[in-house]
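Novice: One structure follows; several queries about it will come next.
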2 protein chains.
Amino acid sequence: MSDDLCFLTATELAKLLRAKQVSATEVMTAHLKRIDRLNPAINAIISMVPERALKAAHAADQQYAKGEEIGPLFGLPIAHKDLTPTAGVRTTYGSPVFKDNVPTEDSLLVERLRNAGALMLGKTNVPEFGTGSQTYNPIFGSTKNPYDLTKTAGGSSGGAAAALATRLLPIADGGDFGGSLRNPASFCNVVGFRPSGRRVPAWPNPHPWNTLPVEGPMGRTVEDTALLLSAMAGPDPRSPVAINDDPAQFREPLESNVKGKRIAWASDFGGLIPVDRAVVQQLDRHRSTFENLGATTCRAMLDLTGADEAFRTLRALIYAIRCGPLLAEHRHQIKDTTVANTEIGLRATGEDIARAETLRSELFHRTRTFFEEYDFLALPAAQVPPFDVTQEWVHSIEGVEQPDYLGWMAACYLITATGHPAISVPCGFTEAGLPVGIQLVGKDPDDLGLLKMAYAFEQATEHWKRLPPVA
Amino acid sequence: MSDDLCFLTATELAKLLRAKQVSATEVMTAHLKRIDRLNPAINAIISMVPERALKAAHAADQQYAKGEEIGPLFGLPIAHKDLTPTAGVRTTYGSPVFKDNVPTEDSLLVERLRNAGALMLGKTNVPEFGTGSQTYNPIFGSTKNPYDLTKTAGGSSGGAAAALATRLLPIADGGDFGGSLRNPASFCNVVGFRPSGRRVPAWPNPHPWNTLPVEGPMGRTVEDTALLLSAMAGPDPRSPVAINDDPAQFREPLESNVKGKRIAWASDFGGLIPVDRAVVQQLDRHRSTFENLGATTCRAMLDLTGADEAFRTLRALIYAIRCGPLLAEHRHQIKDTTVANTEIGLRATGEDIARAETLRSELFHRTRTFFEEYDFLALPAAQVPPFDVTQEWVHSIEGVEQPDYLGWMAACYLITATGHPAISVPCGFTEAGLPVGIQLVGKDPDDLGLLKMAYAFEQATEHWKRLPPVA
């Protein structure tokens, strides 16, 4: 029986736990056993605290038995992304500089999920400092794709996505700057939601007003993802920007009538960037799914002028803030791409940054206006299917050479620059059996509307149910 | 009778208008007449559209007579700051570059205030591009202080403050980057409220995520200021950051029990910057006012390390965004200080900006922590009383030479850098009869709490009732 629990959705598990039909200890035990058995093959969870997790599960059961109130994530095992600090649990950021770093304080995210009842069992793997959508680092190595162990799980929330797909965890958190929630979700046949910029407050955070990097939820289903978001969102005095909606809205039923919703259909990303034909084909197979749901689809694409420059410049400035202070002492321990991006940021001029801000503002308003005509924009979440895990980045797409390690990540990062929320939902598989994700972009800050559309698509397709061979 | 209407508060006027005891036409006529008579001496309102205003007032009366719904500012005359675009009405930004500029679209602020029932009669004077807290420009000249026509009204919302004090307008809008709502309010014995960074959405806005420059309300009383804020605040899709509280909260009664509120008292700005002794003395006379209200005061000051550098660097970046594109063609038409600040911004490095962002983040959290110990911080709103109107800036304060035209504005701009809301409330007069304002700083984003404290102080002192000689 124990393994069966791992195949339930987080929403189902939470219900059983609340009804006391299963205990937090049983759920934790089942997941720990499964991790023991399957994690070595995929290397998704890279630090483990099983004793602590079991103790916490036992304590949770006792408290609930005594009649104490429980949170919406009561008893759900979780592993936090290794970019977020966890008190007393090693947090490396995937960097040798921090290989022995044990924080004394939890991040706000970790604190919130714990308060909501989630039980941490470890940390999930990341690229060094989250740089690049390929999850490998010199401390823990690379995370494998559960659908094909020779392929990458994507990144930077690659450990989280692979663990979810392998049914090692029912929920997982991540972050998304250039696609770090959407890319690995699309590579691992799970859901990754980049919420509106101010939805999930982040602390600690060296650039608390900046809404380009966000934290957000991942799940196997849209409903699970929304459930997790409900525990992440909401204002906190530690964030000067967080939106003050009631996050309980994300626990309401997602069922909705999407009839008449207008979808701009850009399975080829409007030709702006190269997209592998297997990805385009798989998306196009599902255009009729949206039509059958009553939505209208129309081939159209947002004008992304300036998005590339704005994103690259403002991203480099964030690197200057985050990693600039490390260069003097630790440069030799940091990978080339991180050093290069940090230096671009340090050396940029105010004129560069001013122009990037101007381009980004124009883009925001252009996107806002676009969404007066359309309700959603449908795009590939990644320009390629999962690629070889030994390859750091994709050098060529449909014959088009990529300028650098960021090039092949444009399908996500150009959308980041718009300032609008986006979700990657399972969209089926290539002929080689590799997952493809569809990226739906919605209005800022209507995260609930976007989740509802994604839910309707998921219910009509159920691609998430296809298990990876490793599971 | 006509002039009497101009001496009522906006709140009183709004009630009479709503009760149909007075018509919008009567109110408008009274204000236009008074402006005709008194504005030439102070030069507060620099563009006028009297026919349009009277026509709008007449139309408003007719619509209300027919039973149409009215907004909270129904029938109140207003003049908008000449930094905000008004469709069909000349908008110069105080710059010869824009001396014939007639926008085709209203700003969001203007649109909102019109929708709330306010009736525009003209524009209020500003320094060129709002640069510097002294209101003069080559198009319209300088605005005089109604309490002493040889002194400046402060700035950059100097026209607004002087018009309010002279009872030419019941309400006026402004903006505040380095103190532009607080400084002129303190110089003109009115109220200027710099709300939390996300309270009032701004559009058009070339840096829509940035919360250092804000728009906000001015009034003769705190209640009037709150009434105006209630029509300015609230989310709009054109702003990616606006807080989504219900702005109607600012129309609730401001009466509250401030017993036990903890006030950090820094009438001398904690010694961090020089403050004219006349200003310190006037603030200190009112320490007992707070104590008598039941609040506790304790000599204490926030640690403002890094605030100066952060503000100056990030302000320069905003100048690079706003004015950078103008330099190539119009440099010779722009004043030296604006050019210099723009060039500092254009030439800054990413390293400078990254450090400024880091300092600002640290300051935000330090301020937040400070406000766990105290409810409010009491400071001078300006380091000096109003000074000679022919002097561009204050060169020396209590014998301390000022480095540049920004130096004497530090009492406000250092607080801007904290990311917390602040209000300037009339605090009495120097022996020379010049107004002094007290600056109260509160928790972000608890604007209502700050307004309530300011209201309690105002009710206990009533300095706002002292008319300027010119009135």
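Identifiers for the structure tokens are assigned positionally: chains receive A, B, ... in sequence, residues are indexed from 1 per chain, and ligands are indexed from 1 in the order shown.
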Please identify every residue of chain B that has at least one atom no more than 7 Å from any atom of chain A, counting only C-alpha atoms, and report them as a list in words.
Specialist: Pro206, His207, Pro208, Val241, Ile243, Asn244, Leu317, Ala320, Ile321, Gly345, Leu346, Arg347, Ala348, Thr349, Gly350, Glu351, Ala354, Arg355, Glu357, Thr358 and Ser361 of chain B
Novice: Save out the residues we just selected, N, CA, C and O atoms, as a tab-separated table (two decimals), in the first residue's frame.
Specialist:
```
chain	number	residue	atom	x	y	z
B	206	PRO	N	7.06	56.46	-17.41
B	206	PRO	CA	8.10	55.71	-18.13
B	206	PRO	C	8.83	54.68	-17.27
B	206	PRO	O	9.69	53.97	-17.77
B	207	HIS	N	8.52	54.64	-15.97
B	207	HIS	CA	9.17	53.66	-15.07
B	207	HIS	C	8.10	53.14	-14.10
B	207	HIS	O	8.14	53.43	-12.91
B	208	PRO	N	7.12	52.39	-14.64
B	208	PRO	CA	5.91	52.07	-13.87
B	208	PRO	C	6.12	51.16	-12.65
B	208	PRO	O	5.23	51.09	-11.81
B	241	VAL	N	1.92	47.92	-10.33
B	241	VAL	CA	2.29	47.82	-8.92
B	241	VAL	C	1.21	48.27	-7.95
B	241	VAL	O	1.31	48.00	-6.75
B	243	ILE	N	-1.46	49.04	-5.26
B	243	ILE	CA	-2.04	48.25	-4.18
B	243	ILE	C	-3.55	48.16	-4.41
B	243	ILE	O	-4.17	49.12	-4.85
B	244	ASN	N	-4.13	46.99	-4.12
B	244	ASN	CA	-5.55	46.82	-4.44
B	244	ASN	C	-6.47	46.87	-3.22
B	244	ASN	O	-7.42	46.12	-3.12
B	317	LEU	N	19.05	57.78	-12.07
B	317	LEU	CA	18.61	56.80	-13.08
B	317	LEU	C	17.22	57.18	-13.62
B	317	LEU	O	16.96	57.06	-14.82
B	320	ALA	N	17.67	59.80	-16.02
B	320	ALA	CA	18.17	59.26	-17.29
B	320	ALA	C	17.00	58.73	-18.12
B	320	ALA	O	16.95	58.92	-19.34
B	321	ILE	N	16.04	58.07	-17.45
B	321	ILE	CA	14.87	57.55	-18.17
B	321	ILE	C	13.99	58.69	-18.68
B	321	ILE	O	13.59	58.72	-19.83
B	345	GLY	N	22.97	60.02	-14.13
B	345	GLY	CA	22.22	58.78	-14.35
B	345	GLY	C	22.71	58.01	-15.56
B	345	GLY	O	22.94	56.80	-15.50
B	346	LEU	N	22.90	58.71	-16.66
B	346	LEU	CA	23.34	58.04	-17.90
B	346	LEU	C	24.71	57.41	-17.74
B	346	LEU	O	25.00	56.36	-18.29
B	347	ARG	N	25.56	58.06	-16.96
B	347	ARG	CA	26.95	57.62	-16.83
B	347	ARG	C	27.18	56.68	-15.65
B	347	ARG	O	28.29	56.18	-15.46
B	348	ALA	N	26.19	56.51	-14.80
B	348	ALA	CA	26.35	55.58	-13.67
B	348	ALA	C	26.68	54.20	-14.22
B	348	ALA	O	26.36	53.88	-15.37
B	349	THR	N	27.32	53.38	-13.41
B	349	THR	CA	27.57	52.00	-13.84
B	349	THR	C	26.55	51.09	-13.18
B	349	THR	O	25.91	51.44	-12.18
B	350	GLY	N	26.42	49.90	-13.74
B	350	GLY	CA	25.58	48.89	-13.13
B	350	GLY	C	26.01	48.62	-11.69
B	350	GLY	O	25.19	48.37	-10.81
B	351	GLU	N	27.30	48.71	-11.47
B	351	GLU	CA	27.82	48.51	-10.11
B	351	GLU	C	27.28	49.58	-9.16
B	351	GLU	O	26.87	49.28	-8.04
B	354	ALA	N	23.57	48.78	-8.71
B	354	ALA	CA	23.41	47.59	-7.87
B	354	ALA	C	23.66	47.93	-6.40
B	354	ALA	O	22.91	47.51	-5.52
B	355	ARG	N	24.70	48.72	-6.15
B	355	ARG	CA	24.98	49.09	-4.76
B	355	ARG	C	23.85	49.93	-4.20
B	355	ARG	O	23.42	49.75	-3.06
B	357	GLU	N	20.72	49.86	-5.04
B	357	GLU	CA	19.57	48.99	-4.78
B	357	GLU	C	19.78	48.18	-3.50
B	357	GLU	O	18.84	47.96	-2.73
B	358	THR	N	21.01	47.75	-3.28
B	358	THR	CA	21.31	46.98	-2.07
B	358	THR	C	21.15	47.86	-0.83
B	358	THR	O	20.54	47.46	0.16
B	361	SER	N	17.50	48.44	-0.17
B	361	SER	CA	16.83	47.27	0.41
B	361	SER	C	17.15	47.15	1.89
B	361	SER	O	16.27	46.89	2.71
```
Novice: Identify, with DSSP run on backbone atoms, the residues in range 126-186 of chain A assigned to strand (DSSP E), and express the list as a PyMOL selection string.
Specialist: chain A and resi 136-137+141-142+144-145+148-152+171-176
Novice: Contacts of Trp464 in chain A at 7 Å or less, counting only C-alpha atoms, minus same-chain residues fewer than 5 places along, as a tab-separated table (two decimals) with N, CA, C and O atoms, in the first residue's frame?
Specialist:
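out_36.tsv written:
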```
chain	number	residue	atom	x	y	z
A	189	ASN	N	6.78	17.03	-17.83
A	189	ASN	CA	5.36	16.69	-17.86
A	189	ASN	C	4.63	17.04	-16.57
A	189	ASN	O	3.74	16.32	-16.12
A	190	VAL	N	5.04	18.16	-15.94
A	190	VAL	CA	4.31	18.64	-14.77
A	190	VAL	C	3.91	20.10	-15.02
A	190	VAL	O	4.12	20.64	-16.11
A	220	ARG	N	1.82	18.33	-10.00
A	220	ARG	CA	1.55	17.46	-11.15
A	220	ARG	C	0.30	17.91	-11.87
A	220	ARG	O	0.15	17.69	-13.06
A	221	THR	N	-0.62	18.54	-11.10
A	221	THR	CA	-1.86	19.03	-11.72
A	221	THR	C	-2.00	20.53	-11.45
A	221	THR	O	-1.36	21.07	-10.54
A	426	PRO	N	1.26	20.34	-19.14
A	426	PRO	CA	1.58	19.21	-20.01
A	426	PRO	C	0.72	19.20	-21.27
A	426	PRO	O	-0.51	19.35	-21.20
```
Novice: Go through A:Asn257, A:Gln439, A:Thr92, A:Thr143 one by one, measure the shortest atom-to-atom distance of each to Glu128 in chain A using only C-alpha atoms, and give the residue with the smallest value.
Specialist: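 Looking only at the distances to Glu128 in chain A, the closest residue turns out to be A:Thr92.
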Novice: Considering only C-alpha atoms, return as a list in words whatever protein or nucleic-acid residues lie within 6 Å of range 299-303 of chain A, sequence-local ones (same chain, fewer than 4 positions apart) excluded.
Specialist: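 These residues fall inside the cut-off: Ala264, Trp265, Ala266 and Gly270 of chain A.
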Novice: Give me, as a compact mmCIF listing (two decimals) with C-alpha atoms, in the first residue's frame, all polymer residues having an atom no more than 12 Å from Thr416 in chain B, counting only C-alpha atoms and skipping those fewer than 4 positions away in the same chain.
Specialist:
```txt
# COMPACT_ATOMS: atom_id res chain seq x y z
CA ASP B 176 6.70 63.62 -4.43
CA PHE B 177 10.07 62.23 -5.37
CA GLY B 178 12.48 64.08 -3.10
CA GLY B 179 9.83 65.81 -0.99
CA SER B 180 7.69 67.61 -3.56
CA LEU B 181 4.47 67.18 -1.61
CA ARG B 182 5.94 67.59 1.87
CA PHE B 193 0.91 63.51 1.95
CA ARG B 194 3.47 61.24 0.33
CA PRO B 195 1.51 57.98 0.37
CA SER B 196 2.99 54.48 0.26
CA GLY B 197 4.77 53.84 -3.00
CA THR B 211 7.96 53.49 -6.36
CA LEU B 212 10.36 56.32 -5.52
CA PRO B 213 8.40 59.01 -7.37
CA VAL B 214 4.77 59.01 -6.26
CA LEU B 304 19.70 56.22 7.58
CA ALA B 307 19.99 56.55 2.18
CA ASP B 308 21.80 59.49 0.62
CA ALA B 310 20.79 55.19 -2.70
CA PHE B 311 18.48 58.11 -3.31
CA ARG B 312 20.91 60.15 -5.36
CA LEU B 314 18.40 55.91 -8.16
CA ARG B 315 17.03 59.42 -8.68
CA ARG B 360 17.91 50.82 -0.40
CA LEU B 363 17.28 50.63 4.52
CA PHE B 364 13.76 49.38 3.84
CA THR B 367 12.96 51.04 8.69
CA ALA B 381 9.56 68.42 6.91
CA MET B 409 16.15 68.83 0.69
CA ALA B 410 17.57 65.86 2.60
CA ALA B 411 14.94 65.93 5.37
CA CYS B 412 12.47 64.71 2.79
CA HIS B 420 7.73 54.40 3.79
CA PRO B 421 4.84 56.92 3.70
CA ALA B 422 5.25 60.40 5.19
CA ILE B 423 3.04 63.42 5.72
CA GLN B 439 6.92 65.37 9.02
CA VAL B 441 6.61 58.92 8.91
CA GLY B 442 4.55 55.74 9.26
CA ASP B 444 4.35 50.93 4.79
```
Novice: Could you name the residues that touch Val400 in chain B at 7 Å or less, counting only C-alpha atoms, but leaving out those on the same chain fewer than 3 positions away, as a CSV table (one decimal) with all heavy atoms, in the first residue's frame?
Specialist:
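The resulting file, part39.csv, is shown below:
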```csv
chain,number,residue,atom,x,y,z
B,274,PRO,N,22.0,69.2,9.2
B,274,PRO,CA,21.7,70.5,10.0
B,274,PRO,C,20.2,70.9,9.8
B,274,PRO,O,19.7,70.7,8.7
B,274,PRO,CB,22.6,71.5,9.3
B,274,PRO,CG,22.9,70.9,7.9
B,274,PRO,CD,22.9,69.4,8.1
B,396,SER,N,23.5,77.3,2.9
B,396,SER,CA,24.1,77.1,4.3
B,396,SER,C,23.0,76.9,5.3
B,396,SER,O,22.0,77.7,5.2
B,396,SER,CB,25.0,78.3,4.6
B,396,SER,OG,25.4,78.2,6.0
B,397,ILE,N,23.1,76.0,6.2
B,397,ILE,CA,22.1,75.8,7.2
B,397,ILE,C,22.9,75.7,8.5
B,397,ILE,O,23.7,74.8,8.7
B,397,ILE,CB,21.3,74.5,7.0
B,397,ILE,CG1,20.6,74.5,5.6
B,397,ILE,CG2,20.3,74.3,8.1
B,397,ILE,CD1,20.0,73.2,5.3
```
Novice: For a quick check of understanding, using only C-alpha atoms, which of B:Cys427, B:Val222, B:Ile334, B:Leu76 has the smallest distance to Gly94 in chain B?
Specialist: B:Ile334
Novice: What's the 7 Å shell around range 110-119 of chain A, counting only C-alpha atoms, without same-chain residues fewer than 4 positions away, as an MDAnalysis selection string?
Specialist: chainID A and resid 53 56:57 70:78 86 106 231:232
Novice: Could you find all residues in range 60-177 of chain A that DSSP calls alpha helix (DSSP H) from the backbone, and write them as a ChimeraX atom specification?
Specialist: /A:60-65,108-115,158-165
Novice: Restrict the selected residues to N, CA and C atoms and save them as a tab-separated table (two decimals), in the first residue's frame.
Specialist:
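selection.tsv, written as the output of this step:
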```tsv
chain	number	residue	atom	x	y	z
A	60	ALA	N	2.98	16.36	13.94
A	60	ALA	CA	1.79	16.90	13.28
A	60	ALA	C	0.58	16.02	13.55
A	61	ASP	N	0.78	14.71	13.45
A	61	ASP	CA	-0.32	13.77	13.72
A	61	ASP	C	-0.83	13.94	15.15
A	62	GLN	N	0.11	14.06	16.07
A	62	GLN	CA	-0.30	14.19	17.49
A	62	GLN	C	-1.09	15.48	17.72
A	63	GLN	N	-0.58	16.56	17.12
A	63	GLN	CA	-1.27	17.84	17.31
A	63	GLN	C	-2.68	17.80	16.71
A	64	TYR	N	-2.78	17.18	15.56
A	64	TYR	CA	-4.10	17.10	14.91
A	64	TYR	C	-5.03	16.22	15.74
A	65	ALA	N	-4.48	15.18	16.28
A	65	ALA	CA	-5.28	14.28	17.13
A	65	ALA	C	-5.83	15.03	18.34
A	108	LEU	N	11.00	33.36	3.83
A	108	LEU	CA	9.57	33.57	4.03
A	108	LEU	C	8.76	32.44	3.39
A	109	LEU	N	9.18	32.00	2.20
A	109	LEU	CA	8.50	30.92	1.51
A	109	LEU	C	8.46	29.65	2.36
A	110	VAL	N	9.62	29.28	2.90
A	110	VAL	CA	9.72	28.07	3.71
A	110	VAL	C	8.87	28.20	4.97
A	111	GLU	N	8.95	29.37	5.58
A	111	GLU	CA	8.17	29.64	6.79
A	111	GLU	C	6.67	29.50	6.50
A	112	ARG	N	6.24	30.06	5.38
A	112	ARG	CA	4.81	30.00	5.03
A	112	ARG	C	4.34	28.57	4.76
A	113	LEU	N	5.16	27.82	4.01
A	113	LEU	CA	4.72	26.46	3.67
A	113	LEU	C	4.70	25.59	4.92
A	114	ARG	N	5.66	25.82	5.81
A	114	ARG	CA	5.64	25.07	7.08
A	114	ARG	C	4.40	25.45	7.89
A	115	ASN	N	4.13	26.74	7.97
A	115	ASN	CA	2.94	27.17	8.71
A	115	ASN	C	1.66	26.62	8.09
A	158	GLY	N	14.79	22.22	-11.82
A	158	GLY	CA	14.84	20.89	-12.42
A	158	GLY	C	14.66	19.77	-11.41
A	159	GLY	N	15.25	19.92	-10.24
A	159	GLY	CA	15.08	18.91	-9.20
A	159	GLY	C	13.62	18.80	-8.80
A	160	ALA	N	12.98	19.94	-8.65
A	160	ALA	CA	11.57	19.96	-8.25
A	160	ALA	C	10.70	19.26	-9.28
A	161	ALA	N	10.91	19.60	-10.56
A	161	ALA	CA	10.07	19.02	-11.62
A	161	ALA	C	10.27	17.52	-11.73
A	162	ALA	N	11.53	17.08	-11.69
A	162	ALA	CA	11.82	15.65	-11.81
A	162	ALA	C	11.25	14.87	-10.62
A	163	ALA	N	11.34	15.46	-9.43
A	163	ALA	CA	10.80	14.79	-8.24
A	163	ALA	C	9.29	14.65	-8.33
A	164	LEU	N	8.62	15.69	-8.82
A	164	LEU	CA	7.17	15.63	-8.97
A	164	LEU	C	6.78	14.54	-9.97
A	165	ALA	N	7.44	14.56	-11.13
A	165	ALA	CA	7.10	13.59	-12.19
A	165	ALA	C	7.30	12.16	-11.72
```
Novice: Using only C-alpha atoms, which of the listed residues (A:Leu254, A:Ala202, A:Ala248, A:Val436) sits closest to Leu450 in chain A?
Specialist: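 Of A:Leu254, A:Ala202, A:Ala248, A:Val436, the one nearest Leu450 in chain A, counting only C-alpha atoms, is A:Leu254.
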Novice: Would you mind telling me which residue in A:Ala87, A:Leu451, A:Leu327, A:Leu440 lies nearest to Ala378 in chain A when using only C-alpha atoms?
Specialist: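 Residue with the minimum atom-to-atom distance to Ala378 in chain A: A:Leu440.
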